[in-house]
Structures are given as C-alpha cells and as structure tokens.
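Worksheet: the structure to be examined is printed underneath.
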Amino acid sequence: MDVETAIRTRRTHKAFGSDPLPRERVEELLELARWAPNHNLTAPWRFRVVGPRALERLEEAAGPEGAAKLRRAPTLIVVSCALGGDPVRDEEDLHATAVASYIVLLAAHAEGLAGYWRTPGLLRSEQGRTAVGLPDGERFVGLLHLGDPRQEKQPPERPPVDQTTTWLD
C-alpha cells in the first residue's frame, strides 16, 4: 500500500478480532516508529506493550466501564514521552512522540490491521500510571489499540484544504 492510500484509508476501529498480535509483528511496527522525525535524535518515545498482568492492573484501576473499553482490542500499547525539563525540547519531543504513534497506526493499517488511538484519563491518573509503570519523568501520550479488523469503516468528510490553509506573502 502506498503512503497516500494508507493516509486516506486509515480509520479508527473499535471492533477487533480476539487474537493478540505476535510479538514479532509488534516489534516491526515499533521499529518503524523510531524513524519519526525528532529534533537532535532524542528518541523520546516510550512504548509499553500491555501484557495480561498489566491489563488486569489497568482494568482494576479503570473500574467496570473503563475495563470494557480496554478489552476492545487484543493488543494495547501505552505510548509516553520522556521529558527532560527544557520546555522547548519537551514540546518538540511530545510532537515527535505523536508522530511515532501515528506511524504505528499507519504501518498497522498498511498490513491490514485495525487501530485506535485513545487518550483515556485513566493513564493520567496515579493508579493508571502505576499499573503500567509510567514514571514521573514521562508524559502519557496515547493508548494504541491494535488487532484484526471486524468492521468496515467509511471515510468521514474532511474540510476542504482552502478552509484550513492560509498562504502568506
């Protein structure tokens, strides 16, 4: 699949098959993510692939309603950004981490997988952070849900480029 097709056809999926992705496949996706542009090659992204015990801890912290959302996909990846304390660098690193996350979603889609990027408040709470081992020096960026798709998704309407672009003299 070419890049343009991947960008135009990737969708947020909330219905997945039950089989987790093999470790090798997840590693391939994360290897691609490390090619995200980042100033000074800081590689600030941190990926935590959620295993069964970590999922139990997260579900306990989330409560019944939140736990059901965690069970939507068989493979979950917590994405965070290592912060260094310099406000400018930290902002650049957060953006780079977001790009790395999107690379994972695009690469997964290009392989026929479904993906979903969530930012549940749970992972900004002390209980959720503890459940997945997020230290104080890292900022939660997203929870990626991955798996085999179980639904077809149509592209949503997007605003035309002239509504979102200003040409400067």
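Labels used: A, B, ... for chains in the order of the structure tokens, numbers from 1 for residues in each chain, and numbers from 1 for ligands as shown.
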
Worksheet item: Neighbours of range 64-78 of chain A within 7 Å (only C-alpha atoms; same-chain residues fewer than 5 positions away dropped), as a list in words?
Response: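 The contact residues come out as Lys14, Ala15, Phe16, Ser18, Asp19, Pro20, Leu21, Phe47, Arg48, Val49, Val50, Glu59, Gly142, Leu143, Leu144, His145, Leu146 and Gly147 of chain A.
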
Practice prompt. Could you pull out the residues in range 100-147 of chain A that DSSP calls helix (DSSP H, G or I) from the backbone, as a ChimeraX atom specification?
Written response: /A:100-110,121-124,126-132

Item to complete: For each of A:Pro22, A:Gly84, A:Gly115, A:Pro37, take the minimum atom-to-atom distance to Ala98 in chain A, counting only C-alpha atoms, then give the residue where this is smallest.
Response: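 Between A:Pro22, A:Gly84, A:Gly115, A:Pro37, the residue approaching Ala98 in chain A most closely is A:Pro37.
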
Discussion item. Restricting the calculation to only C-alpha atoms: of A:Leu106, A:Leu113, A:Ala82, A:Leu122, which residue gets closest to Trp45 in chain A?
Written reply: A:Ala82

Discussion item. Could you check the closest approach to Asp2 in chain A for each of A:Gln154, A:Val99, A:Ala131, A:Ala107 and tell me which residue wins, using only C-alpha atoms?
Written reply: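 Closest candidate: A:Ala107.
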
Item to complete: Please identify all polymer residues within 12 Å of Thr42 in chain A, counting only C-alpha atoms, omitting same-chain residues fewer than 2 positions from it, and present them as a PyMOL selection string.
Response: chain A and resi 34-40+44-46+81-84+89-90+92-94+96-97

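Interatomic distance, CA of Ala100 in chain A to CA of Leu55 in chain A: 22.8 Å.
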